[in-house]
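Enquirer: As input, take query-v7.pdb (PDB, C-alpha atoms, pLDDT in the B column):
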ATOM      1  CA  ILE A   1      84.445 124.092  89.479  1.00 82.00           C
ATOM      2  CA  THR A   2      86.436 121.312  91.114  1.00 82.00           C
ATOM      3  CA  LEU A   3      89.695 122.640  89.701  1.00 85.00           C
ATOM      4  CA  SER A   4      89.029 126.128  91.063  1.00 89.00           C
ATOM      5  CA  ILE A   5      88.261 124.722  94.519  1.00 89.00           C
ATOM      6  CA  VAL A   6      91.423 122.611  94.457  1.00 90.00           C
ATOM      7  CA  LEU A   7      93.494 125.614  93.369  1.00 90.00           C
ATOM      8  CA  MET A   8      92.114 127.642  96.280  1.00 92.00           C
ATOM      9  CA  VAL A   9      93.006 124.815  98.669  1.00 91.00           C
ATOM     10  CA  TYR A  10      96.523 124.521  97.286  1.00 90.00           C
ATOM     11  CA  PHE A  11      97.205 128.246  97.231  1.00 92.00           C
ATOM     12  CA  THR A  12      96.150 128.322 100.886  1.00 92.00           C
ATOM     13  CA  TYR A  13      98.274 125.230 101.592  1.00 90.00           C
ATOM     14  CA  TRP A  14     101.379 126.697  99.969  1.00 90.00           C
ATOM     15  CA  TYR A  15     100.845 130.154 101.471  1.00 92.00           C
ATOM     16  CA  GLN A  16     100.531 128.788 105.004  1.00 90.00           C
ATOM     17  CA  ALA A  17     103.453 126.390 104.538  1.00 89.00           C
ATOM     18  CA  ILE A  18     105.796 129.100 103.280  1.00 90.00           C
ATOM     19  CA  LYS A  19     104.565 131.557 105.915  1.00 91.00           C
ATOM     20  CA  HIS A  20     105.109 129.183 108.851  1.00 89.00           C
ATOM     21  CA  GLN A  21     108.096 127.096 107.700  1.00 87.00           C
ATOM     22  CA  GLY A  22     109.737 129.181 104.996  1.00 89.00           C
ATOM     23  CA  PHE A  23     110.119 127.884 101.448  1.00 90.00           C
ATOM     24  CA  ALA A  24     113.318 125.935 102.094  1.00 89.00           C
ATOM     25  CA  GLY A  25     111.987 124.601 105.396  1.00 87.00           C
ATOM     26  CA  PHE A  26     108.776 123.415 103.800  1.00 86.00           C
ATOM     27  CA  MET A  27     110.569 121.703 100.922  1.00 86.00           C
ATOM     28  CA  THR A  28     112.904 119.920 103.336  1.00 86.00           C
ATOM     29  CA  ASN A  29     110.160 119.047 105.844  1.00 85.00           C
ATOM     30  CA  ILE A  30     108.294 117.181 103.116  1.00 85.00           C
ATOM     31  CA  ILE A  31     111.050 114.565 103.131  1.00 86.00           C
ATOM     32  CA  PRO A  32     110.885 111.993 105.967  1.00 85.00           C
ATOM     33  CA  ARG A  33     113.850 111.757 108.313  1.00 85.00           C
ATOM     34  CA  GLY A  34     115.703 108.682 109.489  1.00 86.00           C
ATOM     35  CA  VAL A  35     115.908 106.715 106.258  1.00 88.00           C
ATOM     36  CA  PRO A  36     119.156 105.425 104.757  1.00 90.00           C
ATOM     37  CA  LYS A  37     121.030 107.976 102.644  1.00 90.00           C
ATOM     38  CA  TRP A  38     120.728 105.988  99.418  1.00 91.00           C
ATOM     39  CA  VAL A  39     116.925 106.007  99.688  1.00 91.00           C
ATOM     40  CA  TYR A  40     116.846 109.809  99.414  1.00 91.00           C
ATOM     41  CA  ALA A  41     117.667 109.549  95.695  1.00 92.00           C
ATOM     42  CA  ILE A  42     114.277 107.906  95.188  1.00 92.00           C
ATOM     43  CA  LEU A  43     112.373 109.482  98.077  1.00 92.00           C
ATOM     44  CA  ILE A  44     112.963 113.175  97.327  1.00 91.00           C
ATOM     45  CA  PRO A  45     111.479 113.158  93.784  1.00 93.00           C
ATOM     46  CA  VAL A  46     108.591 110.958  94.894  1.00 93.00           C
ATOM     47  CA  GLU A  47     107.684 113.182  97.860  1.00 90.00           C
ATOM     48  CA  TRP A  48     107.998 116.387  95.841  1.00 90.00           C
ATOM     49  CA  ALA A  49     105.841 114.877  93.080  1.00 93.00           C
ATOM     50  CA  ARG A  50     103.315 113.842  95.733  1.00 90.00           C
ATOM     51  CA  VAL A  51     103.003 117.375  97.089  1.00 88.00           C
ATOM     52  CA  LEU A  52     103.273 119.254  93.792  1.00 88.00           C
ATOM     53  CA  LEU A  53     101.305 117.006  91.429  1.00 90.00           C
ATOM     54  CA  ILE A  54      99.655 113.943  92.920  1.00 91.00           C
ATOM     55  CA  GLN A  55      97.762 115.480  95.856  1.00 89.00           C
ATOM     56  CA  PRO A  56      96.088 118.268  93.850  1.00 89.00           C
ATOM     57  CA  PHE A  57      95.360 115.951  90.923  1.00 91.00           C
ATOM     58  CA  THR A  58      93.744 113.250  93.054  1.00 89.00           C
ATOM     59  CA  LEU A  59      91.799 115.821  95.064  1.00 88.00           C
ATOM     60  CA  ALA A  60      90.314 117.287  91.876  1.00 89.00           C
ATOM     61  CA  VAL A  61      89.768 114.007  90.029  1.00 90.00           C
ATOM     62  CA  ARG A  62      88.082 112.311  92.987  1.00 87.00           C
ATOM     63  CA  LEU A  63      85.449 115.025  93.186  1.00 85.00           C
ATOM     64  CA  PHE A  64      85.005 115.466  89.419  1.00 88.00           C
ATOM     65  CA  ALA A  65      84.822 111.752  88.566  1.00 90.00           C
ATOM     66  CA  ASN A  66      82.152 111.047  91.164  1.00 87.00           C
ATOM     67  CA  MET A  67      80.050 113.989  90.027  1.00 87.00           C
ATOM     68  CA  PHE A  68      80.481 113.111  86.344  1.00 90.00           C
ATOM     69  CA  ALA A  69      79.635 109.428  86.825  1.00 90.00           C
ATOM     70  CA  GLY A  70      76.497 110.241  88.790  1.00 88.00           C
ATOM     71  CA  HIS A  71      75.349 112.801  86.259  1.00 89.00           C
ATOM     72  CA  MET A  72      75.946 110.347  83.417  1.00 93.00           C
ATOM     73  CA  LEU A  73      73.835 107.687  85.169  1.00 90.00           C
ATOM     74  CA  LEU A  74      71.033 110.185  85.703  1.00 91.00           C
ATOM     75  CA  ALA A  75      71.209 111.359  82.106  1.00 91.00           C
ATOM     76  CA  THR A  76      71.150 107.783  80.821  1.00 90.00           C
ATOM     77  CA  PHE A  77      68.047 106.859  82.781  1.00 89.00           C
ATOM     78  CA  MET A  78      66.330 110.158  81.939  1.00 89.00           C
ATOM     79  CA  VAL A  79      66.907 109.567  78.221  1.00 87.00           C
ATOM     80  CA  ALA A  80      65.756 105.956  78.613  1.00 85.00           C
ATOM     81  CA  THR A  81      62.563 107.128  80.324  1.00 84.00           C
ATOM     82  CA  TRP A  82      61.855 109.642  77.579  1.00 82.00           C
ATOM     83  CA  TYR A  83      62.657 107.170  74.804  1.00 82.00           C
ATOM     84  CA  LEU A  84      60.642 104.308  76.271  1.00 81.00           C
ATOM     85  CA  THR A  85      57.547 106.455  76.841  1.00 80.00           C
ATOM     86  CA  SER A  86      57.425 107.141  73.107  1.00 77.00           C
ATOM     87  CA  ALA A  87      57.152 103.411  72.374  1.00 69.00           C
ATOM     88  CA  SER A  88      53.777 101.845  73.081  1.00 67.00           C
ATOM     89  CA  ILE A  89      55.213  98.611  74.452  1.00 67.00           C
ATOM     90  CA  GLY A  90      57.847 100.366  76.573  1.00 77.00           C
ATOM     91  CA  ALA A  91      55.539 102.011  79.117  1.00 79.00           C
ATOM     92  CA  LEU A  92      56.395  99.460  81.828  1.00 78.00           C
ATOM     93  CA  PHE A  93      60.112  99.850  81.161  1.00 82.00           C
ATOM     94  CA  ALA A  94      59.736 103.636  81.147  1.00 83.00           C
ATOM     95  CA  ALA A  95      58.131 103.487  84.583  1.00 85.00           C
ATOM     96  CA  GLY A  96      61.023 101.358  85.859  1.00 84.00           C
ATOM     97  CA  SER A  97      63.512 103.775  84.374  1.00 85.00           C
ATOM     98  CA  ALA A  98      61.698 106.745  85.974  1.00 88.00           C
ATOM     99  CA  VAL A  99      61.869 105.008  89.362  1.00 90.00           C
ATOM    100  CA  MET A 100      65.585 104.473  88.810  1.00 90.00           C
ATOM    101  CA  VAL A 101      66.009 108.217  88.166  1.00 90.00           C
ATOM    102  CA  ILE A 102      64.476 108.950  91.575  1.00 93.00           C
ATOM    103  CA  VAL A 103      66.539 106.267  93.329  1.00 93.00           C
ATOM    104  CA  LEU A 104      69.760 107.362  91.643  1.00 91.00           C
ATOM    105  CA  THR A 105      69.073 111.010  92.483  1.00 92.00           C
ATOM    106  CA  ALA A 106      68.868 110.093  96.167  1.00 93.00           C
ATOM    107  CA  PHE A 107      71.994 107.939  95.819  1.00 92.00           C
ATOM    108  CA  GLU A 108      73.818 110.755  94.037  1.00 92.00           C
ATOM    109  CA  MET A 109      72.949 113.170  96.845  1.00 92.00           C
ATOM    110  CA  LEU A 110      74.389 110.706  99.372  1.00 93.00           C
ATOM    111  CA  ILE A 111      77.558 110.223  97.330  1.00 91.00           C
ATOM    112  CA  GLN A 112      78.026 113.975  96.861  1.00 89.00           C
ATOM    113  CA  ALA A 113      77.638 114.583 100.595  1.00 92.00           C
ATOM    114  CA  LEU A 114      80.231 111.878 101.247  1.00 93.00           C
ATOM    115  CA  GLN A 115      82.598 113.387  98.676  1.00 90.00           C
ATOM    116  CA  ALA A 116      82.187 116.847 100.209  1.00 89.00           C
ATOM    117  CA  TYR A 117      83.057 115.354 103.607  1.00 94.00           C
ATOM    118  CA  ILE A 118      86.147 113.587 102.223  1.00 92.00           C
ATOM    119  CA  PHE A 119      87.236 116.749 100.405  1.00 91.00           C
ATOM    120  CA  THR A 120      86.861 118.759 103.619  1.00 92.00           C
ATOM    121  CA  ILE A 121      88.807 116.230 105.695  1.00 94.00           C
ATOM    122  CA  LEU A 122      91.644 116.076 103.152  1.00 90.00           C
ATOM    123  CA  THR A 123      91.724 119.875 102.887  1.00 90.00           C
ATOM    124  CA  ALA A 124      91.961 120.188 106.670  1.00 91.00           C
ATOM    125  CA  GLN A 125      94.726 117.592 106.751  1.00 88.00           C
ATOM    126  CA  TYR A 126      96.718 119.291 103.983  1.00 86.00           C
ATOM    127  CA  ILE A 127      96.411 122.769 105.496  1.00 87.00           C
ATOM    128  CA  GLY A 128      97.186 121.388 108.961  1.00 86.00           C
ATOM    129  CA  GLU A 129     100.292 119.757 107.496  1.00 83.00           C
ATOM    130  CA  SER A 130     101.420 123.148 106.197  1.00 83.00           C
ATOM    131  CA  TYR A 131     101.666 124.561 109.732  1.00 83.00           C
ATOM    132  CA  SER A 132     104.269 122.039 110.836  1.00 73.00           C
ATOM    133  CA  ALA A 133     106.414 119.316 109.374  1.00 64.00           C
ATOM    134  CA  GLY A 134     104.309 116.513 107.942  1.00 55.00           C
ATOM    135  CA  HIS A 135     106.663 113.696 108.902  1.00 53.00           C
TER     136      HIS A 135
END
Taking this structure as input, can you express it in the form of structure tokens?

Expert:
Amino acid sequence: ITLSIVLMVYFTYWYQAIKHQGFAGFMTNIIPRGVPKWVYAILIPVEWARVLLIQPFTLAVRLFANMFAGHMLLATFMVATWYLTSASIGALFAAGSAVMVIVLTAFEMLIQALQAYIFTILTAQYIGESYSAGH
């Protein structure tokens, strides 16, 4: 799901950039101006890698990793609750684990809302950058 959302964002980003700046204009506007000529040998591959690979990868991984980590925590405490209820001595620990499931669910909802906000802000910044030169 996160990859499909990121692909939609980047297809929109590239479409708007090429539409408003042209392909050659967009590829040259990625590179900052006013740096010494010898720096361009390093700067051009780094900036192109940033736009082509790093931005989409980090946008997708940030969302996926937070969702995966939260789901793994919830699954761990759910399994612990189920396992500890089967043991006669583990009823107190099972109750603590069940409380943790509720607390972590609320925490996960907060984290997911924050990640959706960050994703939206970054998407708006990337698409806004496609309308004019970023630097």

Enquirer: Mind telling me what the PyMOL selection byres ((chain A and resi 2-15) around 10) catches here, as a ChimeraX atom specification?

Expert: /A:1,16-20,22-23,26,51-52,55-64,67,119-120,122-131

Enquirer: Ranking A:Ala69, A:Ile121, A:Ile30, A:Ala91 by minimum distance to Glu108 (chain A) and counting only C-alpha atoms, which one comes first?

Expert: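 Closest candidate: A:Ala69.
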
Enquirer: Taking all atoms of region 37-48 of chain A that appear in the file, build a box with edges along x, y and z, extend it by 8 Å on every side, and state its centre and edge lengths in Å to one decimal, as AutoDock Vina command-line options.

Expert:
--center_x 114.4 --center_y 111.2 --center_z 98.2 --size_x 29.3 --size_y 26.4 --size_z 24.9

Enquirer: With all atoms listed in the file as the basis for distance, which of A:Ala98, A:Val46, A:Ile118, A:Ile111 is at the shortest distance from Met78 (chain A)?

Expert: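 Nearest to Met78 (chain A): A:Ala98.
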
Enquirer: Rounded to one decimal place, report the CA of Trp82 (chain A)-CA of Ala95 (chain A) distance in Å.

Expert: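 These atoms are spaced 10.0 Å apart.
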
Enquirer: Can you tell me, as a PyMOL selection string, what residues are no more than 10 Å from Gly96 (chain A) when counting only C-alpha atoms, ignoring any on the same chain fewer than 5 positions away?

Expert: chain A and resi 77+80-81+90-91+101

Enquirer: Pick from A:Leu74, A:Pro45, A:Tyr117, A:Met109: nearest to Ser97 (chain A), with all atoms listed in the file counted?

Expert: A:Leu74

Enquirer: Could you state the separation of CA of Phe68 (chain A) and CA of Gln115 (chain A) in Å, given to one decimal place?

Expert: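 CA of Gln115 (chain A) lies 12.5 Å from CA of Phe68 (chain A).
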
Enquirer: Enter the distance from CA of Ser132 (chain A) to CA of Gly25 (chain A), in Å, rounded to one decimal.

Expert: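 Result for CA of Ser132 (chain A) versus CA of Gly25 (chain A): 9.8 Å, one decimal.
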
Enquirer: A:Thr76, A:Asn66, A:Thr85, A:His71: which is nearest Ala113 (chain A), counting all atoms listed in the file?

Expert: A:Asn66

Enquirer: Can you sort out region 56-80 of chain A so it carries N, CA, C and O atoms, written as a short mmCIF file (atom, residue, chain, number, x, y, z; two decimals), keeping the file's coordinate frame?

Expert:
data_model
loop_
_atom_site.label_atom_id
_atom_site.label_comp_id
_atom_site.auth_asym_id
_atom_site.auth_seq_id
_atom_site.Cartn_x
_atom_site.Cartn_y
_atom_site.Cartn_z
N PRO A 56 97.13 117.45 94.49
CA PRO A 56 96.09 118.27 93.85
C PRO A 56 95.33 117.53 92.76
O PRO A 56 94.12 117.70 92.62
N PHE A 57 96.02 116.69 92.00
CA PHE A 57 95.36 115.95 90.92
C PHE A 57 94.32 114.99 91.49
O PHE A 57 93.18 114.95 91.02
N THR A 58 94.69 114.21 92.50
CA THR A 58 93.74 113.25 93.05
C THR A 58 92.59 113.94 93.78
O THR A 58 91.47 113.45 93.75
N LEU A 59 92.87 115.08 94.40
CA LEU A 59 91.80 115.82 95.06
C LEU A 59 90.77 116.31 94.05
O LEU A 59 89.56 116.20 94.27
N ALA A 60 91.23 116.80 92.92
CA ALA A 60 90.31 117.29 91.88
C ALA A 60 89.61 116.14 91.16
O ALA A 60 88.40 116.20 90.92
N VAL A 61 90.35 115.11 90.80
CA VAL A 61 89.77 114.01 90.03
C VAL A 61 88.75 113.24 90.86
O VAL A 61 87.71 112.83 90.33
N ARG A 62 89.02 113.04 92.13
CA ARG A 62 88.08 112.31 92.99
C ARG A 62 86.71 112.99 92.99
O ARG A 62 85.68 112.35 92.82
N LEU A 63 86.70 114.28 93.15
CA LEU A 63 85.45 115.02 93.19
C LEU A 63 84.79 115.06 91.80
O LEU A 63 83.59 114.80 91.67
N PHE A 64 85.56 115.36 90.77
CA PHE A 64 85.00 115.47 89.42
C PHE A 64 84.47 114.13 88.92
O PHE A 64 83.38 114.07 88.35
N ALA A 65 85.23 113.05 89.10
CA ALA A 65 84.82 111.75 88.57
C ALA A 65 83.54 111.26 89.21
O ALA A 65 82.67 110.69 88.53
N ASN A 66 83.39 111.46 90.51
CA ASN A 66 82.15 111.05 91.16
C ASN A 66 80.96 111.86 90.68
O ASN A 66 79.88 111.32 90.46
N MET A 67 81.14 113.15 90.52
CA MET A 67 80.05 113.99 90.03
C MET A 67 79.70 113.62 88.58
O MET A 67 78.53 113.50 88.23
N PHE A 68 80.71 113.43 87.75
CA PHE A 68 80.48 113.11 86.34
C PHE A 68 79.79 111.76 86.19
O PHE A 68 78.84 111.64 85.40
N ALA A 69 80.24 110.76 86.93
CA ALA A 69 79.64 109.43 86.82
C ALA A 69 78.17 109.46 87.26
O ALA A 69 77.31 108.85 86.60
N GLY A 70 77.88 110.15 88.34
CA GLY A 70 76.50 110.24 88.79
C GLY A 70 75.62 110.97 87.80
O GLY A 70 74.48 110.56 87.53
N HIS A 71 76.13 112.05 87.24
CA HIS A 71 75.35 112.80 86.26
C HIS A 71 75.12 111.97 84.99
O HIS A 71 74.06 112.06 84.37
N MET A 72 76.11 111.19 84.60
CA MET A 72 75.95 110.35 83.42
C MET A 72 74.88 109.27 83.66
O MET A 72 74.09 108.95 82.77
N LEU A 73 74.87 108.67 84.85
CA LEU A 73 73.83 107.69 85.17
C LEU A 73 72.45 108.32 85.12
O LEU A 73 71.51 107.75 84.57
N LEU A 74 72.32 109.50 85.73
CA LEU A 74 71.03 110.18 85.70
C LEU A 74 70.61 110.53 84.28
O LEU A 74 69.44 110.35 83.91
N ALA A 75 71.53 111.02 83.49
CA ALA A 75 71.21 111.36 82.11
C ALA A 75 70.80 110.12 81.31
O ALA A 75 69.85 110.18 80.51
N THR A 76 71.48 109.02 81.53
CA THR A 76 71.15 107.78 80.82
C THR A 76 69.73 107.32 81.14
O THR A 76 68.95 106.99 80.24
N PHE A 77 69.39 107.31 82.42
CA PHE A 77 68.05 106.86 82.78
C PHE A 77 66.97 107.87 82.40
O PHE A 77 65.84 107.49 82.10
N MET A 78 67.31 109.16 82.40
CA MET A 78 66.33 110.16 81.94
C MET A 78 66.05 109.99 80.44
O MET A 78 64.89 110.03 80.02
N VAL A 79 67.09 109.78 79.66
CA VAL A 79 66.91 109.57 78.22
C VAL A 79 66.15 108.26 77.98
O VAL A 79 65.27 108.19 77.11
N ALA A 80 66.47 107.23 78.76
CA ALA A 80 65.76 105.96 78.61
C ALA A 80 64.28 106.12 78.95
O ALA A 80 63.41 105.56 78.26
#
